[in-house]
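What follows is a set of notes on a single structure, which appears directly below.
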Amino acid sequence: MNQSNSTSNDSSMLKPTKTRMQRFFSELLKAPFSAKLGMLVIVVYVIAAVFAPIIAPYGESEIVGKKYMLANDSFILGTDNLGRDTFTRIIYGARNTVGIALITTIYAFLLGGLTGIIAAVIGGWTDQLLSRTVDILMAIPALIFAMLLLSIFGTSVPSLILIIGLLDATRVFRLCRAVSLNVVVMDFVEAAKLRGEKIGWITIREILPCISAPLAAEFGIRFCFVFLTISALSFLGLGIQPPTADWGSMVRDTADLISFEDYTPLVPAAAIAILTLGVNFVVDWFLHKTSGLKDEF
Amino acid sequence: MNNIGKMLVQRISLGFLTLFIVSLIIFLGVSMLPGDAAEAILGQAATPETVAALRDQLGLNLPAHIRYFKWLGGILQGDFGTSIGNGREIGDIIGLRFKNTIFLAAFAACISVPLALALGILAALYRNSFYDRGINAVTLSAISTPEFFVAYILILFVSVKFGWFPSLSNVQADTGFIERLEKTLLPAITLTLVSVAYMMRMTRAAIINLLSDSYIEMASLKGMKRLRIITHHALPNAWAPIINVIVLNLAYLIVGVVIVEVVFVYPGLGQLLVDAVQRRDMPVVQACCLIFAATYVTLNLIADILSILTNPRLLHPK
């Protein structure tokens with residue numbers, strides 16, 4: 001930033017060129033309303049997750065009142081089935097649910113992304129082996145497969161992350177391999193191969209920069225899938241386990257209240273829906289921006 | 001035709017191979033578990049002798065590959081083994097529940113497929129109009145929403161506030177057709193709302209992709225109406241991707257019912273699976289997973305076959 005500021009000051013005769021940062025912000029300002037809304041949502045969630053202990057009025061699993069209290073001055077959203085403050089648990093849920101979903105997505109990307117590019121670069125038997133394995137894993141519906149694996153390995157957070165991450169890595173693999181195949185045939189990759197670069201270099205320095213835009217969009221989409229899957233599993237009682245505050249299990253815990261015209265179960269469910277929607281809005285805009293794909297989803 | 005026949009045979013045998021490997025994964029995964037069915041049935045207090053005797057009786061001492069073929073052979077004859085939880089024949093429990101799940105999925109499909117096609121064609125017809133943008137935002141929201149959110153909103157407004165439809169879909173074997181429809185309406189609408197979005201977007205995209213082709217331009221230069229261009233010229237060529245996405249969505253409906261069934265306490269296969277996973281009733285988990293996976297693989301196979309059969313380039317080779 002400093003350097004670029006000085007350049008624009010020195011060369012006052014020339015038209016000031018925009019720095020990367022400035023271009024980024026001017027693009028942001030030009031973004032459609034839905035994308036801005038999505039970004040606002042993401043920022044709010046990140047703040048809630050990072051500063052959860054400061055924002056939340058009570059402890060995460062602290063029992064502070066009677067069961068199923070209605071909203072009042074000390075409990076903005078009332079209390080849950082054990083007398084814990086719902087608002088506090090929503091705030092902590094941002095940290096737990098979103099955090100776990102994010103770790104899972106990153107893990108899925110590292111696993112699926114690297115193997116996908118490597119399969120495209122090496123080709124031959126490695127590609128065949130990896131692709132057929134992925135085909136088989138994708139032949140079983142993800143939620144069902146996750147439930148099978150969770151019942152085998154037990155429902156803990158690490159096994160949840162590993163299982164969902166593995167299942168989602170297959171989708172990342174498919175995409176990464178497909179996009180990389182278009183890049184692998186380019187001359188500069190051929191040149192890098194000829195001058196004897198190692199596979200790691202080719203993967204990271206030659207191919208990755210070319211496919212970063214579709215990968216970034218895919219990251220958003222994958223995050224939504226992972227987030228919804230984990231929430232669904234938690235809702236079924238097979239995901240994040242109590243006493244950890246988590247939106248999916250919060251819906252499950254308070255679900256009975258719905259027959260008394262009580263909105264409580266809808267609050268954590270809405271928290272899930274709003275974040276996914278926000279991310280989708282941003283991804284939608286990003287896809288239009290980077291690839292000109294007007295009619296893709 | 002010969003070429004198509006070859007492709008079909010290839011796809012179908014690939015489908016069977018996939019099913020075989022899937023069943024292998026399901027079987028091996030469960031046999032990796034510490035402890036076995038004999039210990040699970042008898043519980044902690046069992047003596048080693050009784051466990052050994054039951055193991056003998058259940059054939060658990062046989063090597064894994066023989067047990068696998070016995071298990072698979074049994075399933076092919078409709079014998080899924082017995083549940084650890086209540087000792088009942090799994091085949092008896094599953095039969096009725098599978099019918100319920102199929103009924104719900106079919107009901108949802110009857111609403112969602114025509115709706116998605118109509119909305120998609122309209123969105124392609126009035127591209128970039130206010131309607132198109134609106135429906136785009138709505139479908140994006142529908143994709144982003146967890147099924148239970150939609151389900152509970154429906155319950156709250158349709159069922160609790162106005163009392164139009166029951167919130168519990170507690171159908172029995174002898175529930176009449178009309179009553180069954182009434183009780184499963186809310187779960188079916190939930191599934192529709194969640195699944196229409198993909199189908200509609202795909203229909204729209206498939207048609208719009210074709211609209212830039214020169215034969216479409218020719219048709220519009222002839223002075224044809226836009227609706228007629230779309231229904232008579234674009235749609236026949238767009239069938240392959242559309243059929244594909246419809247069948248994939250049927251696969252989604254069969255599988256995605258799990259959460260909806262739990263919310264509405266609908267006695268289907270999905271709820272059985274969730275219960276079994278919680279109780280770690282492995283024979284039931286295996287059976288349910290296998291049925292879900294088989295349905296999914298079969299529907300994917302049908303999607304493949306249909307997209308070969310509806311591809312004009314393959315049907316009329318030069």
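Just remember, in the structure tokens the first chain shown is A, the second B, etc., residues are 1-based per chain, and ligands are 1-based in the order shown.
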Go through chain B residue by residue and, counting only C-alpha atoms, keep those with an atom at most 7 Å from chain A; for each kept residue give the shortest atom pair and its distance in Å to one decimal, ordered by chain and increasing number, as JSON lines.
```
{"residue": "B:Thr18", "atom": "CA", "partner": "A:Ile136", "partner_atom": "CA", "distance": 6.5}
{"residue": "B:Val30", "atom": "CA", "partner": "A:Ile152", "partner_atom": "CA", "distance": 6.3}
{"residue": "B:Leu33", "atom": "CA", "partner": "A:Ile152", "partner_atom": "CA", "distance": 6.2}
{"residue": "B:Ser141", "atom": "CA", "partner": "A:Leu277", "partner_atom": "CA", "distance": 5.9}
{"residue": "B:Ser144", "atom": "CA", "partner": "A:Leu277", "partner_atom": "CA", "distance": 5.2}
{"residue": "B:Thr145", "atom": "CA", "partner": "A:Ala273", "partner_atom": "CA", "distance": 4.7}
{"residue": "B:Pro146", "atom": "CA", "partner": "A:Leu228", "partner_atom": "CA", "distance": 6.3}
{"residue": "B:Phe149", "atom": "CA", "partner": "A:Ala269", "partner_atom": "CA", "distance": 5.3}
{"residue": "B:Leu156", "atom": "CA", "partner": "A:Ile258", "partner_atom": "CA", "distance": 6.2}
{"residue": "B:Val160", "atom": "CA", "partner": "A:Ser259", "partner_atom": "CA", "distance": 6.0}
{"residue": "B:Ala205", "atom": "CA", "partner": "A:Asp295", "partner_atom": "CA", "distance": 5.5}
{"residue": "B:Val277", "atom": "CA", "partner": "A:Ser151", "partner_atom": "CA", "distance": 5.4}
{"residue": "B:Arg280", "atom": "CA", "partner": "A:Ser151", "partner_atom": "CA", "distance": 6.2}
{"residue": "B:Val285", "atom": "CA", "partner": "A:Leu148", "partner_atom": "CA", "distance": 6.9}
{"residue": "B:Cys289", "atom": "CA", "partner": "A:Ile144", "partner_atom": "CA", "distance": 6.3}
{"residue": "B:Ala293", "atom": "CA", "partner": "A:Ile140", "partner_atom": "CA", "distance": 5.2}
{"residue": "B:Tyr296", "atom": "CA", "partner": "A:Pro141", "partner_atom": "CA", "distance": 6.9}
{"residue": "B:Val297", "atom": "CA", "partner": "A:Ala139", "partner_atom": "CA", "distance": 6.1}
```
Serialized selection, N, CA and C atoms, as a PDB file, in the first residue's frame:
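As a result, again_39.pdb now contains:
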```
ATOM      1  N   THR B  18     -21.109 -51.250  -9.682  1.00  0.00           N
ATOM      2  CA  THR B  18     -21.149 -50.260  -8.614  1.00  0.00           C
ATOM      3  C   THR B  18     -21.943 -50.783  -7.423  1.00  0.00           C
ATOM      4  N   VAL B  30     -19.126 -52.367   8.343  1.00  0.00           N
ATOM      5  CA  VAL B  30     -19.746 -52.781   9.588  1.00  0.00           C
ATOM      6  C   VAL B  30     -18.942 -53.894  10.259  1.00  0.00           C
ATOM      7  N   LEU B  33     -16.253 -53.037  12.837  1.00  0.00           N
ATOM      8  CA  LEU B  33     -16.616 -52.607  14.186  1.00  0.00           C
ATOM      9  C   LEU B  33     -16.037 -53.545  15.239  1.00  0.00           C
ATOM     10  N   SER B 141     -32.788 -19.029  -2.577  1.00  0.00           N
ATOM     11  CA  SER B 141     -33.116 -19.129  -1.154  1.00  0.00           C
ATOM     12  C   SER B 141     -33.552 -20.538  -0.806  1.00  0.00           C
ATOM     13  N   SER B 144     -30.736 -22.800  -0.368  1.00  0.00           N
ATOM     14  CA  SER B 144     -29.925 -22.510   0.811  1.00  0.00           C
ATOM     15  C   SER B 144     -30.563 -22.943   2.113  1.00  0.00           C
ATOM     16  N   THR B 145     -31.839 -23.299   2.069  1.00  0.00           N
ATOM     17  CA  THR B 145     -32.540 -23.499   3.330  1.00  0.00           C
ATOM     18  C   THR B 145     -32.494 -24.951   3.766  1.00  0.00           C
ATOM     19  N   PRO B 146     -32.193 -25.193   5.035  1.00  0.00           N
ATOM     20  CA  PRO B 146     -32.278 -26.576   5.494  1.00  0.00           C
ATOM     21  C   PRO B 146     -33.716 -27.064   5.472  1.00  0.00           C
ATOM     22  N   PHE B 149     -36.039 -26.270   8.391  1.00  0.00           N
ATOM     23  CA  PHE B 149     -36.514 -24.894   8.525  1.00  0.00           C
ATOM     24  C   PHE B 149     -37.834 -24.732   7.768  1.00  0.00           C
ATOM     25  N   LEU B 156     -45.738 -24.508  11.602  1.00  0.00           N
ATOM     26  CA  LEU B 156     -46.180 -23.386  12.433  1.00  0.00           C
ATOM     27  C   LEU B 156     -47.372 -22.681  11.804  1.00  0.00           C
ATOM     28  N   VAL B 160     -50.306 -25.354  12.877  1.00  0.00           N
ATOM     29  CA  VAL B 160     -50.615 -24.904  14.239  1.00  0.00           C
ATOM     30  C   VAL B 160     -51.536 -23.691  14.225  1.00  0.00           C
ATOM     31  N   ALA B 205     -31.561 -23.239 -17.668  1.00  0.00           N
ATOM     32  CA  ALA B 205     -30.213 -23.180 -18.241  1.00  0.00           C
ATOM     33  C   ALA B 205     -30.129 -23.993 -19.527  1.00  0.00           C
ATOM     34  N   VAL B 277     -29.309 -46.056  13.567  1.00  0.00           N
ATOM     35  CA  VAL B 277     -27.966 -45.518  13.770  1.00  0.00           C
ATOM     36  C   VAL B 277     -27.801 -45.116  15.225  1.00  0.00           C
ATOM     37  N   ARG B 280     -27.401 -48.104  17.235  1.00  0.00           N
ATOM     38  CA  ARG B 280     -26.314 -48.898  16.650  1.00  0.00           C
ATOM     39  C   ARG B 280     -26.779 -50.320  16.354  1.00  0.00           C
ATOM     40  N   VAL B 285     -29.127 -50.933  10.012  1.00  0.00           N
ATOM     41  CA  VAL B 285     -28.394 -49.869   9.322  1.00  0.00           C
ATOM     42  C   VAL B 285     -27.921 -50.369   7.967  1.00  0.00           C
ATOM     43  N   CYS B 289     -29.179 -48.781   4.480  1.00  0.00           N
ATOM     44  CA  CYS B 289     -28.179 -48.139   3.624  1.00  0.00           C
ATOM     45  C   CYS B 289     -28.156 -48.808   2.260  1.00  0.00           C
ATOM     46  N   ALA B 293     -28.918 -46.915  -1.130  1.00  0.00           N
ATOM     47  CA  ALA B 293     -27.854 -46.842  -2.127  1.00  0.00           C
ATOM     48  C   ALA B 293     -28.306 -47.485  -3.430  1.00  0.00           C
ATOM     49  N   TYR B 296     -30.641 -45.210  -5.255  1.00  0.00           N
ATOM     50  CA  TYR B 296     -29.881 -44.076  -5.778  1.00  0.00           C
ATOM     51  C   TYR B 296     -29.102 -44.477  -7.028  1.00  0.00           C
ATOM     52  N   VAL B 297     -28.402 -45.624  -6.937  1.00  0.00           N
ATOM     53  CA  VAL B 297     -27.607 -46.082  -8.076  1.00  0.00           C
ATOM     54  C   VAL B 297     -28.525 -46.396  -9.255  1.00  0.00           C
TER      55      VAL B 297
END
```
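All residues within region 42-288 of chain A that the backbone DSSP calculation assigns to strand (DSSP E or B) are Ile63, Thr79, Arg84 and Asp85 of chain A.
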**OP:** List every residue of region 168-274 of chain A that DSSP, applied to the backbone of this structure, assigns to helix (DSSP H, G or I), and report them as a PyMOL selection string.
**Re:** chain A and resi 168-184+187-194+199-235+247-260+266-274
Export of the given selection (C-alpha atoms) as a compact mmCIF listing (two decimals), in the first residue's frame:
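Once written, again02.txt looks like this:
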```
# COMPACT_ATOMS: atom_id res chain seq x y z
CA ASP A 168 -17.08 -33.70 0.16
CA ALA A 169 -13.51 -34.09 -1.06
CA THR A 170 -14.87 -36.39 -3.78
CA ARG A 171 -16.91 -33.50 -5.22
CA VAL A 172 -13.93 -31.15 -5.01
CA PHE A 173 -11.78 -33.80 -6.70
CA ARG A 174 -14.18 -34.02 -9.64
CA LEU A 175 -14.20 -30.28 -10.17
CA CYS A 176 -10.46 -29.81 -9.65
CA ARG A 177 -9.58 -32.61 -12.02
CA ALA A 178 -11.94 -31.32 -14.70
CA VAL A 179 -10.67 -27.73 -14.55
CA SER A 180 -7.03 -28.77 -14.29
CA LEU A 181 -7.30 -30.99 -17.35
CA ASN A 182 -7.92 -27.85 -19.40
CA VAL A 183 -4.80 -26.22 -17.98
CA VAL A 184 -2.50 -29.25 -18.14
CA ASP A 187 2.22 -24.86 -23.34
CA PHE A 188 3.58 -23.34 -20.15
CA VAL A 189 2.79 -26.51 -18.21
CA GLU A 190 4.50 -28.53 -20.91
CA ALA A 191 7.49 -26.17 -20.63
CA ALA A 192 7.61 -26.60 -16.87
CA LYS A 193 7.51 -30.37 -17.28
CA LEU A 194 10.30 -30.24 -19.85
CA ILE A 199 5.03 -32.38 -9.50
CA GLY A 200 4.60 -30.19 -6.41
CA TRP A 201 5.83 -27.11 -8.28
CA ILE A 202 3.63 -27.81 -11.28
CA THR A 203 0.60 -28.29 -9.03
CA ILE A 204 1.08 -25.20 -6.91
CA ARG A 205 2.91 -22.71 -9.13
CA GLU A 206 1.61 -23.54 -12.59
CA ILE A 207 -1.90 -24.94 -12.27
CA LEU A 208 -3.32 -23.64 -9.02
CA PRO A 209 -3.16 -19.94 -10.00
CA CYS A 210 -5.08 -20.70 -13.21
CA ILE A 211 -7.94 -22.45 -11.50
CA SER A 212 -8.22 -20.29 -8.38
CA ALA A 213 -11.38 -18.47 -9.51
CA PRO A 214 -13.60 -21.54 -10.01
CA LEU A 215 -12.08 -23.03 -6.87
CA ALA A 216 -12.99 -19.98 -4.82
CA ALA A 217 -16.58 -20.16 -6.01
CA GLU A 218 -16.64 -23.89 -5.33
CA PHE A 219 -15.35 -23.23 -1.82
CA GLY A 220 -18.42 -21.14 -1.10
CA ILE A 221 -20.77 -23.74 -2.55
CA ARG A 222 -19.02 -26.61 -0.74
CA PHE A 223 -19.11 -24.68 2.52
CA CYS A 224 -22.89 -24.39 2.20
CA PHE A 225 -23.22 -28.12 1.52
CA VAL A 226 -20.98 -29.09 4.43
CA PHE A 227 -22.72 -26.63 6.71
CA LEU A 228 -26.17 -27.94 5.76
CA THR A 229 -25.05 -31.58 6.07
CA ILE A 230 -23.55 -31.06 9.52
CA SER A 231 -26.64 -29.16 10.65
CA ALA A 232 -28.86 -31.92 9.28
CA LEU A 233 -26.86 -34.60 11.08
CA SER A 234 -26.91 -32.57 14.30
CA PHE A 235 -30.63 -32.14 13.88
CA TRP A 247 -27.82 -24.76 15.73
CA GLY A 248 -28.90 -28.11 14.33
CA SER A 249 -29.25 -29.74 17.74
CA MET A 250 -30.87 -26.59 19.14
CA VAL A 251 -33.69 -27.01 16.63
CA ARG A 252 -34.01 -30.63 17.69
CA ASP A 253 -34.04 -29.81 21.42
CA THR A 254 -36.79 -27.23 21.17
CA ALA A 255 -38.76 -28.76 18.28
CA ASP A 256 -41.75 -29.67 20.49
CA LEU A 257 -42.43 -26.00 21.19
CA ILE A 258 -43.61 -25.51 17.62
CA SER A 259 -46.99 -27.04 18.46
CA PHE A 260 -47.51 -24.29 21.05
CA LEU A 266 -37.14 -21.37 14.11
CA VAL A 267 -34.42 -19.06 15.44
CA PRO A 268 -31.44 -21.44 15.10
CA ALA A 269 -32.92 -22.84 11.87
CA ALA A 270 -33.12 -19.30 10.50
CA ALA A 271 -29.54 -18.70 11.61
CA ILE A 272 -28.50 -21.62 9.40
CA ALA A 273 -30.63 -20.53 6.46
CA ILE A 274 -29.50 -16.88 6.55
```
**OP:** May I have the residues within 10 Å of region 63-67 of chain A as number ranges by chain, using only C-alpha atoms and disregarding those fewer than 3 positions away in the same chain?
**Re:** A: 58-60, 70, 74-75, 78-85
**OP:** Pick out the residues sitting within 9 Å of Leu193 (chain B), and hand them over as a PyMOL selection string; count only C-alpha atoms, and ignore anything fewer than 6 positions along from it in its own chain.
**Re:** chain B and resi 112+139+142-143+147+150
Pull C-alpha atoms from the residues just selected and write them as a PDB file, in the first residue's frame.
```pdb
ATOM      1  CA  SER B 112     -42.564 -30.726  -8.116  1.00  0.00           C
ATOM      2  CA  THR B 139     -34.927 -20.617  -5.883  1.00  0.00           C
ATOM      3  CA  ALA B 142     -34.856 -22.492  -1.405  1.00  0.00           C
ATOM      4  CA  ILE B 143     -31.550 -24.233  -2.154  1.00  0.00           C
ATOM      5  CA  GLU B 147     -35.277 -28.885   5.039  1.00  0.00           C
ATOM      6  CA  VAL B 150     -39.049 -25.112   5.696  1.00  0.00           C
TER       7      VAL B 150
END
```
Subject >> Who sits within 9 Å of Leu186 (chain B), only C-alpha atoms, same chain under 6 positions skipped, as a PyMOL selection string >> reply: chain B and resi 151+154-155+158-159+165-167+169+264
Pull N, CA and C atoms from the residues just selected and write them as a PDB file, in the first residue's frame.
```
ATOM      1  N   ALA B 151     -39.797 -27.093   6.872  1.00  0.00           N
ATOM      2  CA  ALA B 151     -40.803 -27.967   7.476  1.00  0.00           C
ATOM      3  C   ALA B 151     -41.442 -27.316   8.700  1.00  0.00           C
ATOM      4  N   LEU B 154     -43.743 -24.436   7.806  1.00  0.00           N
ATOM      5  CA  LEU B 154     -45.027 -24.953   7.323  1.00  0.00           C
ATOM      6  C   LEU B 154     -45.877 -25.434   8.490  1.00  0.00           C
ATOM      7  N   ILE B 155     -45.249 -26.163   9.405  1.00  0.00           N
ATOM      8  CA  ILE B 155     -46.007 -26.675  10.552  1.00  0.00           C
ATOM      9  C   ILE B 155     -46.595 -25.517  11.341  1.00  0.00           C
ATOM     10  N   VAL B 158     -49.238 -23.438   8.652  1.00  0.00           N
ATOM     11  CA  VAL B 158     -50.347 -24.185   8.057  1.00  0.00           C
ATOM     12  C   VAL B 158     -51.043 -25.059   9.093  1.00  0.00           C
ATOM     13  N   SER B 159     -50.240 -25.649   9.981  1.00  0.00           N
ATOM     14  CA  SER B 159     -50.825 -26.650  10.849  1.00  0.00           C
ATOM     15  C   SER B 159     -51.229 -26.093  12.214  1.00  0.00           C
ATOM     16  N   PHE B 165     -53.923 -28.589   8.007  1.00  0.00           N
ATOM     17  CA  PHE B 165     -53.435 -29.946   7.793  1.00  0.00           C
ATOM     18  C   PHE B 165     -52.698 -30.436   9.036  1.00  0.00           C
ATOM     19  N   PRO B 166     -52.740 -31.744   9.278  1.00  0.00           N
ATOM     20  CA  PRO B 166     -52.076 -32.266  10.478  1.00  0.00           C
ATOM     21  C   PRO B 166     -50.551 -32.140  10.363  1.00  0.00           C
ATOM     22  N   SER B 167     -49.899 -31.905  11.519  1.00  0.00           N
ATOM     23  CA  SER B 167     -48.451 -31.758  11.502  1.00  0.00           C
ATOM     24  C   SER B 167     -47.763 -33.111  11.672  1.00  0.00           C
ATOM     25  N   SER B 169     -47.545 -36.981  10.416  1.00  0.00           N
ATOM     26  CA  SER B 169     -47.984 -37.838   9.317  1.00  0.00           C
ATOM     27  C   SER B 169     -47.979 -39.283   9.780  1.00  0.00           C
ATOM     28  N   PHE B 264     -41.731 -34.885  10.511  1.00  0.00           N
ATOM     29  CA  PHE B 264     -43.168 -35.146  10.507  1.00  0.00           C
ATOM     30  C   PHE B 264     -43.522 -36.497  11.122  1.00  0.00           C
TER      31      PHE B 264
END
```
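For Asn136 (chain B), the residues within 9 Å (counting only C-alpha atoms, excluding itself and residues fewer than 6 positions away along the chain) are Ala123, Ala197 and Arg201 of chain B.
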